[in-house]
Structures are given as C-alpha cells and as structure tokens.
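Q: File data.json follows (JSON, C-alpha atoms):
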[["chain", "number", "residue", "atom", "x", "y", "z"],
["A", 134, "MET", "CA", -48.77, 41.34, -26.53],
["A", 135, "ALA", "CA", -49.52, 38.42, -28.86],
["A", 136, "ASN", "CA", -47.44, 37.91, -31.97],
["A", 137, "LYS", "CA", -48.91, 38.85, -35.30],
["A", 138, "LEU", "CA", -50.23, 35.98, -37.44],
["A", 139, "ALA", "CA", -48.86, 34.87, -40.80],
["A", 140, "VAL", "CA", -50.55, 32.26, -42.99],
["A", 141, "VAL", "CA", -48.37, 30.40, -45.48],
["A", 142, "THR", "CA", -49.92, 28.05, -48.02],
["A", 143, "GLY", "CA", -47.95, 25.41, -49.86],
["A", 144, "ALA", "CA", -45.62, 25.43, -46.86],
["A", 145, "SER", "CA", -44.55, 21.78, -46.67],
["A", 146, "THR", "CA", -41.56, 22.11, -49.01],
["A", 147, "GLY", "CA", -39.65, 24.48, -51.25],
["A", 148, "ILE", "CA", -40.24, 28.22, -51.41],
["A", 149, "GLY", "CA", -43.26, 28.10, -49.09],
["A", 150, "LYS", "CA", -41.34, 26.27, -46.39],
["A", 151, "GLU", "CA", -38.49, 28.79, -46.63],
["A", 152, "LEU", "CA", -40.92, 31.71, -46.41],
["A", 153, "ALA", "CA", -42.41, 30.14, -43.29],
["A", 154, "LYS", "CA", -38.94, 30.02, -41.74],
["A", 155, "ILE", "CA", -38.44, 33.71, -42.44],
["A", 156, "ALA", "CA", -41.81, 34.57, -40.92],
["A", 157, "ALA", "CA", -40.92, 32.56, -37.81],
["A", 158, "ARG", "CA", -37.58, 34.34, -37.50],
["A", 159, "GLU", "CA", -39.44, 37.64, -37.76],
["A", 160, "GLY", "CA", -41.61, 36.65, -34.79],
["A", 161, "TYR", "CA", -44.88, 35.79, -36.50],
["A", 162, "ASP", "CA", -47.13, 33.05, -35.22],
["A", 163, "LEU", "CA", -47.85, 30.73, -38.11],
["A", 164, "ILE", "CA", -50.59, 28.72, -39.72],
["A", 165, "LEU", "CA", -49.01, 26.46, -42.33],
["A", 166, "VAL", "CA", -51.14, 24.74, -44.94],
["A", 167, "ALA", "CA", -50.53, 22.06, -47.56],
["A", 168, "ASP", "CA", -52.43, 19.16, -49.05],
["A", 169, "GLU", "CA", -50.02, 16.51, -47.77],
["A", 170, "PRO", "CA", -48.95, 15.02, -44.40],
["A", 171, "GLN", "CA", -45.47, 16.54, -44.77],
["A", 172, "ILE", "CA", -46.92, 19.79, -43.45],
["A", 173, "ASP", "CA", -46.73, 18.42, -39.90],
["A", 174, "ALA", "CA", -42.98, 17.83, -40.20],
["A", 175, "ALA", "CA", -42.48, 21.30, -41.69],
["A", 176, "ALA", "CA", -44.32, 22.83, -38.74],
["A", 177, "GLY", "CA", -42.24, 20.78, -36.30],
["A", 178, "GLU", "CA", -39.03, 22.25, -37.71],
["A", 179, "LEU", "CA", -40.17, 25.72, -36.63],
["A", 180, "ASN", "CA", -40.79, 24.91, -32.98],
["A", 181, "GLY", "CA", -37.43, 26.35, -31.96],
["A", 182, "TYR", "CA", -38.30, 29.88, -33.02],
["A", 183, "GLY", "CA", -40.45, 30.67, -30.00],
["A", 184, "VAL", "CA", -43.62, 31.24, -31.99],
["A", 185, "ALA", "CA", -46.89, 29.33, -32.17],
["A", 186, "VAL", "CA", -47.11, 27.09, -35.23],
["A", 187, "GLU", "CA", -50.20, 25.23, -36.42],
["A", 188, "ALA", "CA", -50.21, 22.82, -39.35],
["A", 189, "ILE", "CA", -53.32, 22.19, -41.42],
["A", 190, "GLU", "CA", -53.59, 19.52, -44.09],
["A", 191, "ALA", "CA", -56.20, 20.81, -46.52],
["A", 192, "ASP", "CA", -56.88, 20.76, -50.24],
["A", 193, "LEU", "CA", -56.74, 24.41, -51.28],
["A", 194, "ALA", "CA", -58.10, 23.53, -54.71],
["A", 195, "THR", "CA", -61.50, 23.48, -53.00],
["A", 196, "PHE", "CA", -63.56, 26.14, -51.26],
["A", 197, "GLU", "CA", -64.00, 23.69, -48.37],
["A", 198, "GLY", "CA", -60.24, 23.42, -47.88],
["A", 199, "ASN", "CA", -59.84, 27.18, -47.87],
["A", 200, "ASP", "CA", -62.74, 27.52, -45.44],
["A", 201, "ARG", "CA", -60.98, 25.07, -43.09],
["A", 202, "LEU", "CA", -57.93, 27.30, -43.19],
["A", 203, "LEU", "CA", -59.94, 30.44, -42.50],
["A", 204, "ALA", "CA", -61.79, 28.76, -39.63],
["A", 205, "ALA", "CA", -58.45, 27.84, -38.04],
["A", 206, "THR", "CA", -57.62, 31.52, -37.58],
["A", 207, "ALA", "CA", -60.54, 31.68, -35.13],
["A", 208, "GLY", "CA", -61.16, 35.30, -36.03],
["A", 209, "ARG", "CA", -57.58, 36.30, -35.36],
["A", 210, "PRO", "CA", -56.39, 38.99, -37.80],
["A", 211, "ILE", "CA", -54.07, 37.74, -40.54],
["A", 212, "ALA", "CA", -51.17, 40.18, -40.76],
["A", 213, "VAL", "CA", -49.40, 38.37, -43.60],
["A", 214, "LEU", "CA", -50.77, 35.98, -46.21],
["A", 215, "VAL", "CA", -48.27, 34.10, -48.33],
["A", 216, "ALA", "CA", -50.38, 32.62, -51.14],
["A", 217, "ASN", "CA", -47.86, 30.07, -52.35],
["A", 218, "ALA", "CA", -49.89, 26.90, -52.90],
["A", 219, "GLY", "CA", -49.71, 25.72, -56.48],
["A", 220, "ARG", "CA", -49.56, 22.77, -58.84],
["A", 221, "GLY", "CA", -47.49, 22.18, -61.96],
["A", 222, "LEU", "CA", -48.11, 19.98, -64.96],
["A", 223, "GLY", "CA", -45.84, 19.06, -67.83],
["A", 224, "GLN", "CA", -46.43, 17.23, -71.14],
["A", 225, "GLY", "CA", -48.20, 18.37, -74.29],
["A", 226, "PHE", "CA", -51.68, 19.74, -73.66],
["A", 227, "LEU", "CA", -53.51, 17.10, -75.70],
["A", 228, "ALA", "CA", -51.93, 14.32, -73.64],
["A", 229, "GLN", "CA", -52.88, 15.78, -70.28],
["A", 230, "ASP", "CA", -55.64, 14.10, -68.32],
["A", 231, "VAL", "CA", -58.61, 16.39, -67.66],
["A", 232, "THR", "CA", -58.53, 15.68, -63.93],
["A", 233, "GLU", "CA", -54.90, 16.80, -63.79],
["A", 234, "TRP", "CA", -55.20, 20.09, -65.68],
["A", 235, "ARG", "CA", -58.39, 20.88, -63.80],
["A", 236, "LYS", "CA", -56.54, 20.39, -60.51],
["A", 237, "VAL", "CA", -53.92, 22.89, -61.67],
["A", 238, "ILE", "CA", -56.59, 25.48, -62.44],
["A", 239, "ASP", "CA", -58.58, 24.78, -59.28],
["A", 240, "THR", "CA", -55.47, 25.18, -57.10],
["A", 241, "ASN", "CA", -53.59, 27.99, -58.82],
["A", 242, "VAL", "CA", -56.57, 30.05, -59.94],
["A", 243, "THR", "CA", -59.88, 29.23, -58.26],
["A", 244, "GLY", "CA", -58.69, 28.32, -54.78],
["A", 245, "THR", "CA", -56.10, 31.08, -54.63],
["A", 246, "THR", "CA", -58.59, 33.69, -55.83],
["A", 247, "TYR", "CA", -61.15, 32.60, -53.24],
["A", 248, "LEU", "CA", -58.62, 32.78, -50.40],
["A", 249, "LEU", "CA", -57.29, 36.14, -51.54],
["A", 250, "GLN", "CA", -60.76, 37.66, -51.64],
["A", 251, "LYS", "CA", -61.64, 36.42, -48.16],
["A", 252, "VAL", "CA", -58.38, 37.54, -46.56],
["A", 253, "LEU", "CA", -58.17, 40.87, -48.39],
["A", 254, "GLN", "CA", -61.70, 41.75, -47.30],
["A", 255, "GLN", "CA", -60.55, 41.33, -43.69],
["A", 256, "MET", "CA", -57.34, 43.28, -44.25],
["A", 257, "VAL", "CA", -59.10, 46.20, -45.93],
["A", 258, "ALA", "CA", -61.63, 46.34, -43.09],
["A", 259, "ARG", "CA", -58.67, 46.82, -40.71],
["A", 260, "ASP", "CA", -56.75, 48.94, -43.26],
["A", 261, "GLU", "CA", -53.64, 46.85, -42.67],
["A", 262, "GLY", "CA", -51.96, 43.78, -44.11],
["A", 263, "ASN", "CA", -49.36, 42.28, -46.40],
["A", 264, "VAL", "CA", -49.92, 39.69, -49.13],
["A", 265, "LEU", "CA", -47.27, 37.85, -51.10],
["A", 266, "ILE", "CA", -48.51, 35.87, -54.10],
["A", 267, "THR", "CA", -46.21, 33.34, -55.73],
["A", 268, "GLY", "CA", -46.57, 33.96, -59.44],
["A", 269, "SER", "CA", -43.77, 33.08, -61.86],
["A", 270, "ILE", "CA", -41.79, 34.34, -64.80],
["A", 271, "ALA", "CA", -43.62, 31.46, -66.52],
["A", 272, "GLY", "CA", -46.60, 33.79, -66.59],
["A", 273, "LEU", "CA", -44.74, 36.03, -69.02],
["A", 274, "ILE", "CA", -44.10, 33.28, -71.55],
["A", 275, "PRO", "CA", -46.43, 31.12, -73.69],
["A", 276, "GLY", "CA", -45.73, 27.78, -72.02],
["A", 277, "ALA", "CA", -45.57, 25.18, -74.75],
["A", 278, "TRP", "CA", -45.41, 21.78, -72.98],
["A", 279, "GLN", "CA", -46.62, 23.52, -69.82],
["A", 280, "ALA", "CA", -49.55, 25.35, -71.37],
["A", 281, "VAL", "CA", -52.09, 25.20, -68.54],
["A", 282, "TYR", "CA", -49.55, 25.87, -65.80],
["A", 283, "ASN", "CA", -48.09, 28.94, -67.51],
["A", 284, "GLY", "CA", -51.60, 30.19, -68.17],
["A", 285, "THR", "CA", -52.44, 30.01, -64.48],
["A", 286, "LYS", "CA", -49.27, 31.89, -63.57],
["A", 287, "ALA", "CA", -50.08, 34.59, -66.13],
["A", 288, "TYR", "CA", -53.41, 34.93, -64.33],
["A", 289, "LEU", "CA", -51.75, 35.28, -60.92],
["A", 290, "ASP", "CA", -49.17, 37.79, -62.15],
["A", 291, "SER", "CA", -51.95, 39.90, -63.68],
["A", 292, "LEU", "CA", -54.29, 39.51, -60.70],
["A", 293, "SER", "CA", -51.58, 40.75, -58.34],
["A", 294, "TYR", "CA", -51.10, 43.99, -60.25],
["A", 295, "ALA", "CA", -54.85, 44.51, -60.55],
["A", 296, "LEU", "CA", -55.42, 44.04, -56.83],
["A", 297, "ARG", "CA", -52.54, 46.35, -56.01],
["A", 298, "GLU", "CA", -54.16, 49.08, -58.10],
["A", 299, "GLU", "CA", -57.58, 48.56, -56.51],
["A", 300, "LEU", "CA", -56.06, 48.75, -53.02],
["A", 301, "LYS", "CA", -53.68, 51.65, -53.61],
["A", 302, "ASP", "CA", -55.66, 53.97, -51.33],
["A", 303, "THR", "CA", -55.43, 51.53, -48.41],
["A", 304, "ARG", "CA", -52.58, 50.33, -46.24],
["A", 305, "VAL", "CA", -52.91, 46.82, -47.62],
["A", 306, "ASN", "CA", -50.00, 45.73, -49.79],
["A", 307, "VAL", "CA", -49.96, 43.07, -52.52],
["A", 308, "THR", "CA", -46.66, 41.86, -53.95],
["A", 309, "VAL", "CA", -46.08, 39.13, -56.52],
["A", 310, "LEU", "CA", -42.99, 36.93, -56.32],
["A", 311, "MET", "CA", -41.92, 35.78, -59.78],
["A", 312, "PRO", "CA", -39.33, 33.01, -59.49],
["A", 313, "GLY", "CA", -37.83, 31.01, -62.29],
["A", 314, "PRO", "CA", -36.80, 27.34, -62.07],
["A", 315, "THR", "CA", -36.09, 26.60, -58.41],
["A", 316, "GLU", "CA", -34.63, 23.55, -56.65],
["A", 317, "THR", "CA", -37.87, 22.19, -55.20],
["A", 318, "GLU", "CA", -40.05, 19.13, -55.70],
["A", 319, "PHE", "CA", -41.92, 20.97, -58.45],
["A", 320, "PHE", "CA", -40.29, 19.22, -61.40],
["A", 321, "ALA", "CA", -40.69, 15.74, -59.95],
["A", 322, "ARG", "CA", -44.32, 16.34, -59.07],
["A", 323, "ALA", "CA", -45.05, 17.95, -62.43],
["A", 324, "GLY", "CA", -43.47, 14.98, -64.21],
["A", 325, "MET", "CA", -40.75, 17.16, -65.72],
["A", 326, "LEU", "CA", -37.51, 15.57, -64.55],
["A", 327, "ASP", "CA", -36.88, 14.28, -68.08],
["A", 328, "THR", "CA", -36.78, 17.75, -69.62],
["A", 329, "PRO", "CA", -33.91, 20.17, -70.21],
["A", 330, "VAL", "CA", -35.21, 22.54, -67.53],
["A", 331, "GLY", "CA", -35.80, 19.65, -65.15],
["A", 332, "GLU", "CA", -32.19, 18.55, -65.53],
["A", 333, "ALA", "CA", -30.66, 22.04, -65.35],
["A", 334, "GLU", "CA", -29.22, 23.83, -62.34],
["A", 335, "LYS", "CA", -31.85, 25.76, -60.43],
["A", 336, "ALA", "CA", -32.18, 28.54, -57.89],
["A", 337, "ASP", "CA", -31.92, 28.04, -54.13],
["A", 338, "PRO", "CA", -35.45, 28.25, -52.66],
["A", 339, "ALA", "CA", -34.09, 29.98, -49.55],
["A", 340, "LYS", "CA", -32.71, 32.82, -51.68],
["A", 341, "VAL", "CA", -35.96, 33.06, -53.65],
["A", 342, "ALA", "CA", -37.89, 33.27, -50.38],
["A", 343, "GLU", "CA", -35.60, 36.01, -49.06],
["A", 344, "ASP", "CA", -36.16, 38.03, -52.22],
["A", 345, "GLY", "CA", -39.92, 37.60, -51.96],
["A", 346, "TRP", "CA", -40.12, 38.53, -48.29],
["A", 347, "ALA", "CA", -37.92, 41.60, -48.77],
["A", 348, "ALA", "CA", -40.08, 42.78, -51.68],
["A", 349, "MET", "CA", -43.27, 42.29, -49.69],
["A", 350, "THR", "CA", -42.04, 44.09, -46.57],
["A", 351, "GLY", "CA", -40.67, 46.81, -48.85],
["A", 352, "ARG", "CA", -44.15, 47.08, -50.40],
["A", 353, "LYS", "CA", -42.83, 46.56, -53.90],
["A", 354, "PRO", "CA", -45.24, 45.52, -56.67],
["A", 355, "HIS", "CA", -43.16, 42.53, -57.74],
["A", 356, "VAL", "CA", -39.79, 40.86, -57.61],
["A", 357, "VAL", "CA", -38.11, 38.58, -60.13],
["A", 358, "SER", "CA", -35.62, 36.49, -58.19],
["A", 359, "GLY", "CA", -32.20, 35.95, -59.75],
["A", 360, "PHE", "CA", -30.18, 37.78, -62.41],
["A", 361, "VAL", "CA", -30.79, 35.25, -65.19],
["A", 362, "ASN", "CA", -34.52, 35.29, -64.49],
["A", 363, "LYS", "CA", -34.55, 39.10, -64.50],
["A", 364, "LEU", "CA", -32.88, 39.00, -67.90],
["A", 365, "GLN", "CA", -35.33, 36.42, -69.21],
["A", 366, "ALA", "CA", -38.28, 38.43, -67.91],
["A", 367, "ALA", "CA", -36.99, 41.59, -69.57],
["A", 368, "MET", "CA", -36.37, 39.79, -72.87],
["A", 369, "SER", "CA", -39.84, 38.24, -72.84],
["A", 370, "HIS", "CA", -41.37, 41.71, -73.21],
["A", 371, "ILE", "CA", -39.48, 42.49, -76.42],
["A", 372, "THR", "CA", -39.41, 39.01, -77.97],
["A", 373, "PRO", "CA", -42.39, 37.95, -80.13],
["A", 374, "ASP", "CA", -44.58, 35.38, -78.39],
["A", 375, "THR", "CA", -44.08, 32.94, -81.26],
["A", 376, "ILE", "CA", -40.36, 32.97, -80.48],
["A", 377, "ASN", "CA", -40.96, 32.81, -76.73],
["A", 378, "ALA", "CA", -43.09, 29.70, -77.24],
["A", 379, "LYS", "CA", -40.34, 28.04, -79.28],
["A", 380, "LEU", "CA", -37.77, 28.88, -76.62],
["A", 381, "HIS", "CA", -40.05, 27.41, -73.97],
["A", 382, "THR", "CA", -40.41, 24.21, -75.99],
["A", 383, "ALA", "CA", -36.65, 23.83, -75.99],
["A", 384, "GLN", "CA", -36.70, 23.79, -72.19],
["A", 385, "ALA", "CA", -39.96, 22.04, -71.29],
["A", 386, "LYS", "CA", -40.46, 19.35, -73.94],
["A", 387, "PRO", "CA", -39.63, 15.88, -72.58],
["A", 388, "ASN", "CA", -36.31, 14.57, -73.84],
["A", 389, "ASP", "CA", -37.91, 11.33, -74.96],
["A", 390, "GLU", "CA", -41.35, 12.87, -75.62],
["A", 391, "GLY", "CA", -42.70, 10.35, -73.17],
["A", 392, "GLU", "CA", -45.36, 10.89, -70.56],
["A", 393, "SER", "CA", -44.66, 13.85, -68.29],
["A", 394, "ARG", "CA", -47.29, 14.93, -65.87],
["A", 395, "GLY", "CA", -47.98, 15.39, -62.20],
["A", 396, "GLY", "CA", -48.66, 17.96, -59.52],
["A", 397, "LEU", "CA", -47.13, 20.36, -57.06]]
Using structure tokens, write down the structure that the file contains.

A:
Amino acid sequence: MANKLAVVTGASTGIGKELAKIAAREGYDLILVADEPQIDAAAGELNGYGVAVEAIEADLATFEGNDRLLAATAGRPIAVLVANAGRGLGQGFLAQDVTEWRKVIDTNVTGTTYLLQKVLQQMVARDEGNVLITGSIAGLIPGAWQAVYNGTKAYLDSLSYALREELKDTRVNVTVLMPGPTETEFFARAGMLDTPVGEAEKADPAKVAEDGWAAMTGRKPHVVSGFVNKLQAAMSHITPDTINAKLHTAQAKPNDEGESRGGL
C-alpha cells in the first residue's frame, strides 16, 4: 500500500522544514514547496526516511505557482496540507515599498486562500484530511512596525476558525498553529534583525513544529506554542488594543529607526 501524501509549503527552512521532518518520520510521502532553490537541499535531507520526497520551487504568491504545486500531485489525494508559506515585513508602514507589502499580502492571504480552497474541496469530496495553517500570535496584536504582516496573520487566524466551523460536519480537520518569535530566517528576511524582538532569544522551530503537528493530529482548533506566548496571547484579549500596539512598538521598532524590510 502506498504511503499517504503530505504537502508542506514554506518547507525550505524553519518551522516548515521541521514539520516536513515530522511528516517523513510518520511515514508520509512528501511534496515540499518554497520559492527558493534551498528547497532541493531540504528535500535531500529527508531521503533517509524511506519515503518519497519531491521538491518544487514555486512562487506561492501567485495562482500559477499554486497550480504548479497542485499539478505535481498528479491527482493523488492530499492527506495532510501544511500551509506554512509566508512572508514578513518590518519597518513603519509609510516607508514600506508597495511591491514588498503587496508580496506579503499575495503570499500570506491570496495565495494561501487559493491553495486552501482547492485542497479542501478535494478533502471534503473524500470526507477525509488534515490541514495545519501557520498563523501567529501576531494576528492577535495590532502590529505597529509590522502592520501589514500582523494584519495578514489576523486574517489567517480568523480564516482557520471560520473554515473549521464550516467543515464541522465532515471528517476534515483544520488547525491553526500560532507561534511567537521563533529562531528562523524570518527576522533577517523581514529586515528586523535590528529590533528588540530580532535580537531577543527565540523559540526552537523543532519544538514549535512538534506542537503544531500534535495539535493537528489531535484535531484541536489551535495551538499557541510556548508558555510565554500562551501568556501573551491570553493577555492580548484583555488588554486594550491601544496598549497592545504600544507594546508591539517596543519590540518591533528598529533600534536606529533605519530601514527595515524584507521577506520570508
């Protein structure tokens, strides 16, 4: 009998790469996707798990990139979708280049939504499947100095709960993983190394991935990874947004107020 298939986006580094490792250990064949050549090396690291691994370099900010991914499945049922691809962007909103903030929205919102709809339609038709969406505790907080990024994560957090409600009478599960600052390439790519949060100690992506996978297989609605992040998430619900925005400024504003922008 063939192994079940898992698709992991944003799998070249960080949380996505660690989730791919877990899926391989669990015996899933894998399609790994990212918009950079590093995805081939990430796939190569999984060859020792005895599963089939295919790497696809595609821009998931576009419908065409997502269609390339879907075509690669060759009609094979997707048992697990890890929708982890995303981009970050620091700096004050007025200083951000339009092409950069649009890329954040196209990747985190438009591309992810398109892929989710296509895959969930297939899963519901089979009445089976698991989806893990990488949201963020950033979606709970007005993200001064990360305004567009936090807005996209608020969208994903909300979308996950909405989809879960719509699919509650099926055997298709949707879980949202809500990490906090994690030791990945995010802060370098988002141009946020020169910020308090960029310089601070961060979570281990392997532990975050374990929390996300366990929540998904346990069919939980969400998981906030890490005690400090759980506390911050809880406090965000009872703290006025004006205060939350000020607290976010203290973490995300560049130390020298210089240019801070990029992508993940």

Q: If we count only C-alpha atoms and set the cut-off at 8 Å, which residues sit around region 311-323 of chain A, ignoring sequence neighbours fewer than 2 positions away in its own chain? Please answer as an MDAnalysis selection string.

A: chainID A and resid 146:148 220:223 267:271 290 309 325:326 330:331 334:338 341 355:359 362 393:397

Q: Identify which of the residues A:Ala383, A:Ala135, A:Ala218, A:Ile274 lies closest to Leu165 (chain A), counting only C-alpha atoms when measuring atom-to-atom distances.

A: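 So, comparing all the options, the nearest one is A:Ala218.
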
Q: Give me, as CSV, each residue of region 134-217 of chain A that comes within 6 Å of region 234-255 of chain A, together with its shortest interatomic pair and the distance in Å at one decimal, counting all atoms listed in the file, with rows ordered by chain and rising residue number.

A:
residue,atom,partner,partner_atom,distance
A:Leu193,CA,A:Gly244,CA,5.6
A:Ala194,CA,A:Thr240,CA,3.9
A:Thr195,CA,A:Gly244,CA,5.9

Q: Mind giving me the straight-line distance from CA of Gly177 (chain A) to CA of Glu190 (chain A) in Å, one decimal?

A: 13.8 Å

Q: May I have the residues within 10 Å of Gly198 (chain A) as a PyMOL selection string, using only C-alpha atoms and disregarding those fewer than 6 positions away in the same chain?

A: chain A and resi 166-168+189-192+204+244+248

Q: Quick one: pull the distance between CA of Ala139 (chain A) and CA of Gly272 (chain A), Å, one decimal.

A: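 These atoms are spaced 25.9 Å apart.
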
Q: Between CA of Pro387 (chain A) and CA of Ala366 (chain A), what is the distance in Å, rounded to a tenth?

A: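 According to the coordinates, CA of Pro387 (chain A) and CA of Ala366 (chain A) are separated by 23.1 Å.
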
Q: Taking only C-alpha atoms into account, which of A:Met256, A:Asp327, A:Lys353, A:Ala385 comes nearest Arg209 (chain A)?

A: A:Met256

Q: Name the closest residue to Ile172 (chain A) among the candidates A:Gly225, A:Gly143, A:Asn136, A:Asp344; distances are taken between atoms, counting all atoms listed in the file.

A: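 Among the listed residues, the smallest separation from Ile172 (chain A) belongs to A:Gly143.
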
Q: Skipping near chain neighbours, those fewer than 2 positions away, what residues fall within 9 Å of Ala280 (chain A) using all atoms listed in the file, listed as a list in words?

A: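 Contacts, in chain order: Leu222, Gly223, Gln224, Gly225, Phe226, Pro275, Gly276, Ala277, Trp278, Tyr282, Asn283, Gly284 and Thr285 of chain A.
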